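Okay, work.tsv now, which holds TSV, C-alpha atoms:
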chain	number	residue	atom	x	y	z
R	247	MET	CA	-17.70	16.30	82.33
R	248	VAL	CA	-19.26	14.32	85.15
R	249	ALA	CA	-22.72	13.21	86.03
R	250	SER	CA	-24.61	14.04	89.16
R	251	ASP	CA	-23.36	11.13	91.25
R	252	LYS	CA	-19.85	9.94	92.02
R	253	LEU	CA	-17.92	8.98	88.93
R	254	GLY	CA	-16.38	5.63	88.15
R	255	ALA	CA	-17.73	2.50	86.58
R	256	GLY	CA	-18.11	-1.13	87.46
R	257	ARG	CA	-17.80	-2.67	90.90
R	258	ALA	CA	-14.85	-1.90	93.11
R	259	ALA	CA	-12.44	-4.62	94.20
R	260	ALA	CA	-13.37	-6.65	97.23
R	261	ALA	CA	-10.62	-5.12	99.39
R	262	PRO	CA	-11.73	-2.22	101.59
R	263	ALA	CA	-11.31	1.20	100.04
R	264	VAL	CA	-8.94	3.73	101.58
R	265	PRO	CA	-11.12	6.04	103.70
R	266	ALA	CA	-11.60	9.41	102.04
R	267	ALA	CA	-10.62	12.42	104.12
R	268	ILE	CA	-13.37	15.02	104.32
R	269	PRO	CA	-11.96	18.42	103.33
R	270	GLY	CA	-12.87	21.61	105.14
R	271	LEU	CA	-15.37	24.04	103.63
R	272	ARG	CA	-12.78	26.36	102.10
R	273	GLN	CA	-10.70	23.48	100.77
R	274	ALA	CA	-13.78	21.77	99.36
R	275	ALA	CA	-14.81	24.97	97.57
R	276	LEU	CA	-11.36	25.31	96.01
R	277	LEU	CA	-11.23	21.65	94.97
R	278	THR	CA	-14.71	21.89	93.46
R	279	LEU	CA	-13.78	25.00	91.47
R	280	LEU	CA	-10.63	23.34	90.15
R	281	ALA	CA	-12.58	20.23	89.17
R	282	MET	CA	-15.21	22.23	87.27
R	283	LEU	CA	-12.46	24.13	85.44
R	284	ALA	CA	-10.82	20.82	84.52
R	285	PHE	CA	-14.06	19.36	83.18
R	286	ALA	CA	-14.72	22.48	81.10
R	287	ALA	CA	-11.13	22.31	79.82
R	288	ASN	CA	-11.83	18.95	78.18
R	289	SER	CA	-14.20	20.60	75.69
R	290	ILE	CA	-11.82	23.51	75.07
R	291	LEU	CA	-8.78	21.28	74.54
R	292	CYS	CA	-10.63	18.89	72.23
R	293	ARG	CA	-12.06	21.69	70.11
R	294	LEU	CA	-8.67	23.44	69.97
R	295	ALA	CA	-7.00	20.23	68.83
R	296	LEU	CA	-9.53	19.35	66.15
R	297	SER	CA	-10.00	22.86	64.78
R	298	GLN	CA	-6.45	24.21	64.93
R	299	THR	CA	-4.11	21.22	64.63
R	300	ALA	CA	-3.73	18.23	62.32
R	301	ILE	CA	-4.71	15.51	64.80
R	302	ASP	CA	-7.77	13.41	63.94
R	303	PRO	CA	-10.56	12.40	66.38
R	304	ALA	CA	-9.49	8.75	66.70
R	305	GLY	CA	-5.90	9.76	67.37
R	306	PHE	CA	-7.00	12.35	69.91
R	307	THR	CA	-9.15	9.74	71.66
R	308	LEU	CA	-6.29	7.23	71.82
R	309	VAL	CA	-3.80	9.73	73.24
R	310	ARG	CA	-6.36	11.07	75.71
R	311	ILE	CA	-7.19	7.57	77.00
R	312	VAL	CA	-3.54	6.48	77.23
R	313	SER	CA	-2.42	9.65	79.02
R	314	GLY	CA	-5.47	9.53	81.28
R	315	ALA	CA	-4.72	5.91	82.18
R	316	ALA	CA	-1.09	6.77	82.98
R	317	SER	CA	-2.08	9.78	85.08
R	318	LEU	CA	-4.74	7.91	87.04
R	319	TRP	CA	-2.45	4.92	87.60
R	320	LEU	CA	0.21	7.20	89.08
R	321	ILE	CA	-2.38	8.97	91.25
R	322	ALA	CA	-3.81	5.65	92.44
R	323	ARG	CA	-0.33	4.37	93.32
R	324	ALA	CA	0.62	7.58	95.12
R	325	THR	CA	-2.60	7.72	97.17
R	326	GLY	CA	-2.89	4.05	98.09
R	327	HIS	CA	-5.83	3.36	95.76
R	328	ALA	CA	-4.07	1.01	93.34
R	329	LYS	CA	-6.06	-2.23	93.15
R	330	PRO	CA	-5.36	-4.93	90.53
R	331	GLY	CA	-8.56	-5.88	88.76
R	332	ALA	CA	-10.45	-2.71	89.66
R	333	GLY	CA	-12.92	-1.44	87.08
R	334	SER	CA	-14.84	-3.46	84.51
R	335	TRP	CA	-14.95	-4.06	80.78
R	336	ARG	CA	-18.48	-2.65	80.65
R	337	GLY	CA	-17.28	0.52	82.29
R	338	ALA	CA	-14.34	0.71	79.89
R	339	ALA	CA	-16.63	0.27	76.88
R	340	ALA	CA	-18.91	3.07	78.09
R	341	LEU	CA	-15.87	5.27	78.72
R	342	LEU	CA	-14.50	4.63	75.22
R	343	ALA	CA	-17.92	5.26	73.64
R	344	TYR	CA	-18.11	8.61	75.44
R	345	ALA	CA	-14.57	9.67	74.56
R	346	ALA	CA	-14.81	8.67	70.89
R	347	ALA	CA	-18.21	10.24	70.25
R	348	PHE	CA	-17.07	13.36	72.12
R	349	SER	CA	-14.00	13.72	69.89
R	350	PHE	CA	-15.80	13.11	66.59
R	351	ALA	CA	-18.60	15.50	67.58
R	352	TYR	CA	-16.14	18.34	68.11
R	353	LEU	CA	-15.07	18.17	64.48
R	354	THR	CA	-18.12	20.30	63.66
R	355	MET	CA	-19.48	21.70	66.95
R	356	THR	CA	-18.50	24.76	68.94
R	357	ALA	CA	-17.24	24.11	72.46
R	358	GLY	CA	-20.09	25.93	74.20
R	359	THR	CA	-22.87	24.21	72.29
R	360	GLY	CA	-21.17	20.84	72.62
R	361	ALA	CA	-20.79	21.16	76.40
R	362	LEU	CA	-24.45	22.09	76.81
R	363	LEU	CA	-25.61	19.16	74.68
R	364	LEU	CA	-23.28	16.77	76.49
R	365	PHE	CA	-24.45	17.88	79.93
R	366	GLY	CA	-28.10	17.74	78.93
R	367	ALA	CA	-27.72	14.25	77.47
R	368	VAL	CA	-25.94	12.96	80.58
R	369	GLN	CA	-28.67	14.19	82.88
R	370	ALA	CA	-31.47	13.07	80.54
R	371	THR	CA	-30.01	9.56	80.42
R	372	MET	CA	-29.84	9.30	84.19
R	373	ILE	CA	-33.37	10.68	84.62
R	374	LEU	CA	-34.80	8.28	82.02
R	375	VAL	CA	-33.04	5.30	83.58
R	376	GLY	CA	-34.41	6.36	86.96
R	377	LEU	CA	-37.94	6.51	85.56
R	378	TYR	CA	-37.49	3.09	83.97
R	379	ARG	CA	-36.40	1.71	87.34
R	380	GLY	CA	-39.51	3.05	89.01
R	381	GLU	CA	-38.42	6.42	90.36
R	382	ARG	CA	-41.18	9.02	90.57
R	383	LEU	CA	-40.92	12.70	89.70
R	384	VAL	CA	-42.85	15.35	91.61
R	385	PRO	CA	-44.64	18.10	89.60
R	386	LEU	CA	-41.71	20.51	90.06
R	387	GLN	CA	-39.36	17.95	88.52
R	388	TRP	CA	-41.68	17.31	85.58
R	389	GLY	CA	-41.79	21.05	84.98
R	390	GLY	CA	-38.01	21.24	85.09
R	391	LEU	CA	-37.69	18.32	82.68
R	392	ALA	CA	-40.12	19.98	80.25
R	393	LEU	CA	-38.21	23.27	80.47
R	394	ALA	CA	-34.89	21.54	79.79
R	395	LEU	CA	-36.34	19.68	76.79
R	396	CYS	CA	-37.69	22.96	75.40
R	397	GLY	CA	-34.23	24.45	75.75
R	398	LEU	CA	-32.67	21.58	73.84
R	399	ALA	CA	-35.35	21.83	71.15
R	400	LEU	CA	-34.57	25.52	70.74
R	401	LEU	CA	-30.85	24.80	70.51
R	402	LEU	CA	-31.35	22.12	67.84
R	403	ALA	CA	-34.05	23.92	65.83
R	404	PRO	CA	-33.06	24.57	62.19
R	405	GLY	CA	-31.50	27.96	61.67
R	406	LEU	CA	-28.23	29.80	61.17
R	407	SER	CA	-27.01	29.00	64.68
R	408	ALA	CA	-28.15	25.37	64.75
R	409	PRO	CA	-25.35	22.83	65.30
R	410	ASP	CA	-24.41	20.27	62.67
R	411	PRO	CA	-26.98	17.43	62.97
R	412	LEU	CA	-24.38	14.64	62.93
R	413	GLY	CA	-22.22	16.46	65.44
R	414	ALA	CA	-25.23	17.01	67.71
R	415	LEU	CA	-26.18	13.32	67.44
R	416	LEU	CA	-22.64	12.25	68.31
R	417	MET	CA	-22.50	14.59	71.31
R	418	ALA	CA	-25.86	13.29	72.52
R	419	ALA	CA	-24.46	9.76	72.20
R	420	ALA	CA	-21.39	10.83	74.17
R	421	GLY	CA	-23.64	12.17	76.92
R	422	ALA	CA	-25.72	8.99	76.98
R	423	ALA	CA	-22.55	6.88	77.23
R	424	TRP	CA	-21.26	9.01	80.10
R	425	GLY	CA	-24.61	8.70	81.84
R	426	VAL	CA	-24.39	4.91	81.57
R	427	TYR	CA	-20.78	5.03	82.78
R	428	SER	CA	-21.82	7.00	85.85
R	429	LEU	CA	-24.76	4.72	86.61
R	430	LEU	CA	-22.44	1.71	86.45
R	431	GLY	CA	-20.20	3.45	88.97
R	432	ARG	CA	-22.78	3.91	91.70
R	433	ALA	CA	-21.65	0.65	93.33
R	434	SER	CA	-17.99	1.66	93.35
R	435	ARG	CA	-16.44	1.82	96.83
R	436	ASP	CA	-13.21	3.32	95.50
R	437	PRO	CA	-13.86	5.57	92.47
R	438	ILE	CA	-10.19	6.43	91.88
R	439	ALA	CA	-9.20	2.76	91.64
R	440	THR	CA	-12.24	1.96	89.53
R	441	THR	CA	-11.73	4.85	87.12
R	442	ALA	CA	-8.02	4.04	86.77
R	443	GLY	CA	-8.96	0.43	85.97
R	444	ASN	CA	-11.53	1.51	83.42
R	445	PHE	CA	-9.05	3.80	81.67
R	446	LEU	CA	-6.49	0.98	81.51
R	447	ARG	CA	-9.07	-1.39	80.02
R	448	ALA	CA	-10.11	1.26	77.50
R	449	VAL	CA	-6.57	1.58	76.09
R	450	PRO	CA	-6.77	-1.49	73.78
R	451	MET	CA	-10.27	-0.43	72.71
R	452	ALA	CA	-9.00	3.04	71.79
R	453	ALA	CA	-6.06	1.45	69.95
R	454	ALA	CA	-8.48	-0.71	67.95
R	455	LEU	CA	-10.51	2.39	67.04
R	456	ALA	CA	-7.34	4.15	65.90
R	457	LEU	CA	-6.37	1.11	63.80
R	458	LEU	CA	-9.81	1.05	62.16
R	459	SER	CA	-9.49	4.76	61.42
R	460	ALA	CA	-6.09	4.20	59.83
R	461	LEU	CA	-7.35	1.31	57.70
R	462	ALA	CA	-10.39	3.30	56.58
R	463	GLY	CA	-8.32	6.36	55.77
R	464	PRO	CA	-7.73	5.57	52.07
R	465	PHE	CA	-11.48	5.20	51.55
R	466	THR	CA	-12.74	8.08	53.70
R	467	GLY	CA	-10.02	10.64	53.09
R	468	GLY	CA	-9.29	10.61	56.80
R	469	GLY	CA	-7.08	8.27	58.77
R	470	LEU	CA	-4.66	8.91	61.60
R	471	ARG	CA	-2.94	12.29	61.61
R	472	TRP	CA	-0.55	13.67	64.20
R	473	ASP	CA	1.30	16.86	64.97
R	474	ALA	CA	2.98	18.29	68.06
R	475	GLY	CA	0.16	20.68	68.91
R	476	GLY	CA	-2.55	18.05	68.63
R	477	LEU	CA	-0.58	15.58	70.74
R	478	LEU	CA	-0.02	18.24	73.41
R	479	TYR	CA	-3.73	19.09	73.62
R	480	ALA	CA	-4.67	15.40	73.79
R	481	ILE	CA	-2.14	14.71	76.56
R	482	LEU	CA	-3.36	17.71	78.55
R	483	SER	CA	-6.94	16.53	78.10
R	484	GLY	CA	-6.15	13.01	79.27
R	485	ALA	CA	-3.54	13.53	81.97
R	486	LEU	CA	-4.71	16.82	83.50
R	487	ALA	CA	-8.32	17.62	82.56
R	488	SER	CA	-9.41	13.98	82.90
R	489	GLY	CA	-6.98	12.19	85.23
R	490	VAL	CA	-6.09	14.96	87.67
R	491	GLY	CA	-9.54	16.53	87.28
R	492	TYR	CA	-11.31	13.34	88.37
R	493	ALA	CA	-8.94	12.87	91.32
R	494	ILE	CA	-9.63	16.44	92.49
R	495	TRP	CA	-13.38	15.88	92.14
R	496	TYR	CA	-13.22	12.69	94.20
R	497	ALA	CA	-11.31	14.59	96.89
R	498	ALA	CA	-14.06	17.23	97.03
R	499	LEU	CA	-17.03	14.83	96.94
R	500	PRO	CA	-16.95	13.72	100.62
R	501	ALA	CA	-17.73	17.33	101.64
R	502	LEU	CA	-20.64	17.70	99.19
R	503	THR	CA	-24.20	16.46	99.45
R	504	ALA	CA	-25.56	14.65	96.38
R	505	ALA	CA	-27.76	17.65	95.52
R	506	ARG	CA	-24.87	20.08	95.89
R	507	ALA	CA	-22.57	17.88	93.81
R	508	ALA	CA	-25.19	17.79	91.05
R	509	SER	CA	-25.96	21.49	91.29
R	510	VAL	CA	-22.38	22.69	91.07
R	511	GLN	CA	-21.94	20.85	87.78
R	512	LEU	CA	-24.45	23.22	86.22
R	513	SER	CA	-21.51	25.61	86.01
R	514	VAL	CA	-19.52	23.46	83.56
R	515	PRO	CA	-21.35	24.42	80.32
R	516	VAL	CA	-21.29	28.07	81.40
R	517	ILE	CA	-17.55	27.98	82.14
R	518	THR	CA	-16.97	26.22	78.82
R	519	ALA	CA	-18.93	28.81	76.84
R	520	LEU	CA	-17.07	31.71	78.49
R	521	ALA	CA	-13.68	30.03	78.04
R	522	ALA	CA	-14.49	29.33	74.39
R	523	VAL	CA	-14.96	33.06	73.81
R	524	LEU	CA	-11.42	33.70	75.06
R	525	ALA	CA	-9.61	30.61	73.75
R	526	LEU	CA	-11.45	29.95	70.49
R	527	GLY	CA	-13.06	33.25	69.57
R	528	GLU	CA	-16.54	31.71	69.72
R	529	ARG	CA	-19.64	33.85	70.12
R	530	ILE	CA	-22.34	33.32	72.70
R	531	THR	CA	-25.37	33.60	70.43
R	532	PRO	CA	-28.82	34.58	71.74
R	533	THR	CA	-30.03	31.05	70.96
R	534	LEU	CA	-27.23	29.47	72.99
R	535	ALA	CA	-27.81	31.88	75.87
R	536	VAL	CA	-31.57	31.25	76.06
R	537	SER	CA	-31.12	27.50	75.57
R	538	SER	CA	-28.52	27.40	78.35
R	539	VAL	CA	-30.83	29.16	80.79
R	540	ALA	CA	-33.69	26.79	79.92
R	541	VAL	CA	-31.64	23.58	80.01
R	542	LEU	CA	-29.61	24.36	83.12
R	543	GLY	CA	-32.56	25.95	84.88
R	544	GLY	CA	-34.73	22.95	84.11
R	545	ILE	CA	-32.12	20.52	85.41
R	546	ALA	CA	-31.76	22.65	88.54
R	547	LEU	CA	-35.51	22.27	89.15
R	548	VAL	CA	-35.20	18.50	88.79
R	549	ILE	CA	-32.37	18.49	91.34
R	550	VAL	CA	-34.25	20.74	93.77
R	551	GLY	CA	-37.40	18.67	93.37
R	552	LYS	CA	-35.49	15.48	94.14
R	553	ARG	CA	-34.07	17.07	97.26
R	554	ARG	CA	-37.55	18.02	98.49
R	555	ALA	CA	-39.29	14.79	97.48

Would you give me this structure, written as structure tokens?
Amino acid sequence: MVASDKLGAGRAAAAPAVPAAIPGLRQAALLTLLAMLAFAANSILCRLALSQTAIDPAGFTLVRIVSGAASLWLIARATGHAKPGAGSWRGAAALLAYAAAFSFAYLTMTAGTGALLLFGAVQATMILVGLYRGERLVPLQWGGLALALCGLALLLAPGLSAPDPLGALLMAAAGAAWGVYSLLGRASRDPIATTAGNFLRAVPMAAALALLSALAGPFTGGGLRWDAGGLLYAILSGALASGVGYAIWYAALPALTAARAASVQLSVPVITALAAVLALGERITPTLAVSSVAVLGGIALVIVGKRRA
């Protein structure tokens, strides 16, 4: 899942970035579609792993980060974007916070609900930071923000279809962390190099989290658990859905305006919910459907309002 601006975190290295080729319209459309499918796949793969295999959230996070780092390093080397020292420890910390909260949240949340909460939290974080920095919203944007908040309130309201409170809180934290990660990346001149550097820096952090989980296992009844299926899903999430997915998105971005890049990401929670029906047997409840329309429609109004302001 990505935020509305170019991904990456921290400042790029001082060396000039490799100029990005601008894809044609048809190629950009295909790349964008593939990127959105990859981002939606992260939720599906994580939920599959945690609901149908023995792997634990900390273990899933570690394998995802390691495989993502390896994938992005290979991509950076192959495309001339490898830069020693790219990325930042702040970006890596935000990345690890997102990935860990994301994994633990999916212990109890459905993929569709989780993706909607994640996306809403990412956008809310970026909007709130913008307001704090002095950005002004036009009336249309305020209306969109109110509509999106009403949608989230409906989704989280107590009832049979309400998500687990702790899971919802963790997913909101994951979204906030990803929003911070994206805001840190606005200064990046080479997002592939920066993201690869952040993933590499996040590896020891993820290993420390896994070690803490293992040490706490005797007291919590949890700990590190592995099996072949869980490892496969985690590797696919890190290497393909994250690493390759981000590289594809960066290739498409030069052909997209900021508003279009933000707008197209509205499809990710929808794709996730539909894929969850097929892959996980989840149901699209009336509450989720109405909440999705309100949240995504509200965010769309914020994006349109920004474009017109």

For Thr371 in chain R, find every residue with an atom within 8 Å (counting only C-alpha atoms), except residues of its own chain fewer than 5 positions away, and show them as a PyMOL selection string. chain R and resi 421-422+425-426

Nearest to Asp410 in chain R by atom-to-atom distance, counting all atoms listed in the file, from R:Leu377, R:Ala351, R:Ala357, R:Leu429: R:Ala351

For Leu271 in chain R, list every protein, DNA or RNA residue within 10 Å, evaluated using all atoms listed in the file, and leave out those in the same chain fewer than 3 positions away; present the list as a PDB file with C-alpha atoms, keeping the file's coordinate frame.
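In the end it all went to out24.pdb:
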ATOM      1  CA  ILE R 268     -13.370  15.020 104.320  1.00  0.00           C
ATOM      2  CA  ALA R 274     -13.780  21.770  99.360  1.00  0.00           C
ATOM      3  CA  ALA R 275     -14.810  24.970  97.570  1.00  0.00           C
ATOM      4  CA  LEU R 276     -11.360  25.310  96.010  1.00  0.00           C
ATOM      5  CA  LEU R 277     -11.230  21.650  94.970  1.00  0.00           C
ATOM      6  CA  ALA R 498     -14.060  17.230  97.030  1.00  0.00           C
ATOM      7  CA  ALA R 501     -17.730  17.330 101.640  1.00  0.00           C
ATOM      8  CA  LEU R 502     -20.640  17.700  99.190  1.00  0.00           C
TER       9      LEU R 502
END

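As for CA of Val541 in chain R and CA of Pro409 in chain R, they are spaced 16.0 Å apart.
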
CA of Leu402 in chain R to CA of Gly468 in chain R, straight-line distance in Å: 27.2 Å

As an exercise, work out the distance from CA of Gly333 in chain R to CA of Leu374 in chain R in Å and give it to one decimal place. 24.5 Å

Cut-off 9 Å: closest range 463-531 of chain R/range 318-323 of chain R atom pairs per residue, using only C-alpha atoms, as JSON lines:
{"residue": "R:Ala485", "atom": "CA", "partner": "R:Leu318", "partner_atom": "CA", "distance": 7.7}
{"residue": "R:Ser488", "atom": "CA", "partner": "R:Leu318", "partner_atom": "CA", "distance": 8.7}
{"residue": "R:Gly489", "atom": "CA", "partner": "R:Leu318", "partner_atom": "CA", "distance": 5.2}
{"residue": "R:Val490", "atom": "CA", "partner": "R:Leu318", "partner_atom": "CA", "distance": 7.2}
{"residue": "R:Tyr492", "atom": "CA", "partner": "R:Leu318", "partner_atom": "CA", "distance": 8.6}
{"residue": "R:Ala493", "atom": "CA", "partner": "R:Ile321", "partner_atom": "CA", "distance": 7.6}

Dump as a PDB file with C-alpha atoms, in the frame of the given file all residues having an atom at most 10 Å from (-1.9, 10.1, 64.1), computed in the file's coordinates with all atoms listed in the file.
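As written to disk, point.pdb reads:
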ATOM      1  CA  ALA R 300      -3.730  18.230  62.320  1.00  0.00           C
ATOM      2  CA  ILE R 301      -4.710  15.510  64.800  1.00  0.00           C
ATOM      3  CA  ASP R 302      -7.770  13.410  63.940  1.00  0.00           C
ATOM      4  CA  PRO R 303     -10.560  12.400  66.380  1.00  0.00           C
ATOM      5  CA  ALA R 304      -9.490   8.750  66.700  1.00  0.00           C
ATOM      6  CA  GLY R 305      -5.900   9.760  67.370  1.00  0.00           C
ATOM      7  CA  PHE R 306      -7.000  12.350  69.910  1.00  0.00           C
ATOM      8  CA  LEU R 308      -6.290   7.230  71.820  1.00  0.00           C
ATOM      9  CA  VAL R 309      -3.800   9.730  73.240  1.00  0.00           C
ATOM     10  CA  ALA R 456      -7.340   4.150  65.900  1.00  0.00           C
ATOM     11  CA  SER R 459      -9.490   4.760  61.420  1.00  0.00           C
ATOM     12  CA  ALA R 460      -6.090   4.200  59.830  1.00  0.00           C
ATOM     13  CA  GLY R 469      -7.080   8.270  58.770  1.00  0.00           C
ATOM     14  CA  LEU R 470      -4.660   8.910  61.600  1.00  0.00           C
ATOM     15  CA  ARG R 471      -2.940  12.290  61.610  1.00  0.00           C
ATOM     16  CA  TRP R 472      -0.550  13.670  64.200  1.00  0.00           C
ATOM     17  CA  ASP R 473       1.300  16.860  64.970  1.00  0.00           C
ATOM     18  CA  GLY R 476      -2.550  18.050  68.630  1.00  0.00           C
ATOM     19  CA  LEU R 477      -0.580  15.580  70.740  1.00  0.00           C
TER      20      LEU R 477
END

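You can rank R:Gln369, R:Thr359, R:Ser334, R:Ser428 by their closest distance to Thr440 in chain R using all atoms listed in the file, and at the top of that list sits R:Ser334.
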
Return as lines of an AutoDock Vina configuration file the box centre and box size in Å, one decimal, for an axis-aligned box around all listed atoms of range 389-406 of chain R padded by 8 Å per side.
center_x = -35.0
center_y = 24.1
center_z = 73.1
size_x = 29.6
size_y = 27.5
size_z = 39.9

Using all atoms listed in the file, the best pick from R:Ala361, R:Leu341, R:Ala487, R:Leu416 as closest to Pro515 in chain R would be R:Ala361

Quick one: contact table of range 328-367 of chain R to range 385-399 of chain R, 10 Å max, nearest atom pair and distance in Å to one decimal per residue, counting all atoms listed in the file, chain and number order, as a tab-separated table?
residue	atom	partner	partner_atom	distance
R:Leu362	CA	R:Leu398	CA	8.8
R:Leu363	CA	R:Leu398	CA	7.5
R:Gly366	CA	R:Ala394	CA	7.8
R:Ala367	CA	R:Leu398	CA	9.6

R:Ala403, R:Leu364, R:Met282, R:Leu458 ranked by distance to Ala419 in chain R, top pick (using all atoms listed in the file): R:Leu364

Incomplete range 356-382 of chain R filled out to N, CA and C atoms as an mmCIF file, in the frame of the given file:
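The result, written out as rebuild.cif:
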data_model
loop_
_atom_site.group_PDB
_atom_site.id
_atom_site.type_symbol
_atom_site.label_atom_id
_atom_site.label_comp_id
_atom_site.auth_asym_id
_atom_site.auth_seq_id
_atom_site.Cartn_x
_atom_site.Cartn_y
_atom_site.Cartn_z
ATOM 1 N N THR R 356 -19.214 23.818 68.085
ATOM 2 C CA THR R 356 -18.500 24.760 68.940
ATOM 3 C C THR R 356 -18.417 24.180 70.347
ATOM 4 N N ALA R 357 -17.453 24.662 71.115
ATOM 5 C CA ALA R 357 -17.240 24.110 72.460
ATOM 6 C C ALA R 357 -18.427 24.372 73.371
ATOM 7 N N GLY R 358 -18.978 25.593 73.324
ATOM 8 C CA GLY R 358 -20.090 25.930 74.200
ATOM 9 C C GLY R 358 -21.332 25.115 73.927
ATOM 10 N N THR R 359 -21.695 25.005 72.661
ATOM 11 C CA THR R 359 -22.870 24.210 72.290
ATOM 12 C C THR R 359 -22.661 22.743 72.617
ATOM 13 N N GLY R 360 -21.460 22.240 72.339
ATOM 14 C CA GLY R 360 -21.170 20.840 72.620
ATOM 15 C C GLY R 360 -21.266 20.522 74.102
ATOM 16 N N ALA R 361 -20.739 21.400 74.952
ATOM 17 C CA ALA R 361 -20.790 21.160 76.400
ATOM 18 C C ALA R 361 -22.227 21.153 76.904
ATOM 19 N N LEU R 362 -23.051 22.047 76.380
ATOM 20 C CA LEU R 362 -24.450 22.090 76.810
ATOM 21 C C LEU R 362 -25.191 20.823 76.391
ATOM 22 N N LEU R 363 -24.976 20.395 75.149
ATOM 23 C CA LEU R 363 -25.610 19.160 74.680
ATOM 24 C C LEU R 363 -25.132 17.945 75.479
ATOM 25 N N LEU R 364 -23.835 17.884 75.725
ATOM 26 C CA LEU R 364 -23.280 16.770 76.490
ATOM 27 C C LEU R 364 -23.901 16.703 77.874
ATOM 28 N N PHE R 365 -23.918 17.838 78.565
ATOM 29 C CA PHE R 365 -24.450 17.880 79.930
ATOM 30 C C PHE R 365 -25.929 17.511 79.936
ATOM 31 N N GLY R 366 -26.682 18.059 78.991
ATOM 32 C CA GLY R 366 -28.100 17.740 78.930
ATOM 33 C C GLY R 366 -28.352 16.268 78.668
ATOM 34 N N ALA R 367 -27.544 15.668 77.787
ATOM 35 C CA ALA R 367 -27.720 14.250 77.470
ATOM 36 C C ALA R 367 -27.356 13.356 78.649
ATOM 37 N N VAL R 368 -26.313 13.728 79.392
ATOM 38 C CA VAL R 368 -25.940 12.960 80.580
ATOM 39 C C VAL R 368 -27.090 12.928 81.577
ATOM 40 N N GLN R 369 -27.608 14.112 81.888
ATOM 41 C CA GLN R 369 -28.670 14.190 82.880
ATOM 42 C C GLN R 369 -29.953 13.519 82.384
ATOM 43 N N ALA R 370 -30.269 13.702 81.094
ATOM 44 C CA ALA R 370 -31.470 13.070 80.540
ATOM 45 C C ALA R 370 -31.383 11.558 80.631
ATOM 46 N N THR R 371 -30.203 11.015 80.341
ATOM 47 C CA THR R 371 -30.010 9.560 80.420
ATOM 48 C C THR R 371 -30.254 9.053 81.830
ATOM 49 N N MET R 372 -29.701 9.754 82.808
ATOM 50 C CA MET R 372 -29.840 9.300 84.190
ATOM 51 C C MET R 372 -31.281 9.444 84.684
ATOM 52 N N ILE R 373 -31.960 10.498 84.242
ATOM 53 C CA ILE R 373 -33.370 10.680 84.620
ATOM 54 C C ILE R 373 -34.229 9.581 84.000
ATOM 55 N N LEU R 374 -34.005 9.299 82.703
ATOM 56 C CA LEU R 374 -34.800 8.280 82.020
ATOM 57 C C LEU R 374 -34.572 6.892 82.617
ATOM 58 N N VAL R 375 -33.320 6.588 82.942
ATOM 59 C CA VAL R 375 -33.040 5.300 83.580
ATOM 60 C C VAL R 375 -33.723 5.223 84.938
ATOM 61 N N GLY R 376 -33.719 6.332 85.669
ATOM 62 C CA GLY R 376 -34.410 6.360 86.960
ATOM 63 C C GLY R 376 -35.896 6.114 86.812
ATOM 64 N N LEU R 377 -36.508 6.735 85.802
ATOM 65 C CA LEU R 377 -37.940 6.510 85.560
ATOM 66 C C LEU R 377 -38.203 5.059 85.189
ATOM 67 N N TYR R 378 -37.332 4.492 84.365
ATOM 68 C CA TYR R 378 -37.490 3.090 83.970
ATOM 69 C C TYR R 378 -37.398 2.161 85.180
ATOM 70 N N ARG R 379 -36.580 2.545 86.144
ATOM 71 C CA ARG R 379 -36.400 1.710 87.340
ATOM 72 C C ARG R 379 -37.467 1.979 88.402
ATOM 73 N N GLY R 380 -38.415 2.848 88.085
ATOM 74 C CA GLY R 380 -39.510 3.050 89.010
ATOM 75 C C GLY R 380 -39.453 4.307 89.848
ATOM 76 N N GLU R 381 -38.464 5.173 89.613
ATOM 77 C CA GLU R 381 -38.420 6.420 90.360
ATOM 78 C C GLU R 381 -39.576 7.319 89.925
ATOM 79 N N ARG R 382 -40.048 8.136 90.842
ATOM 80 C CA ARG R 382 -41.180 9.020 90.570
ATOM 81 C C ARG R 382 -40.735 10.473 90.637
#
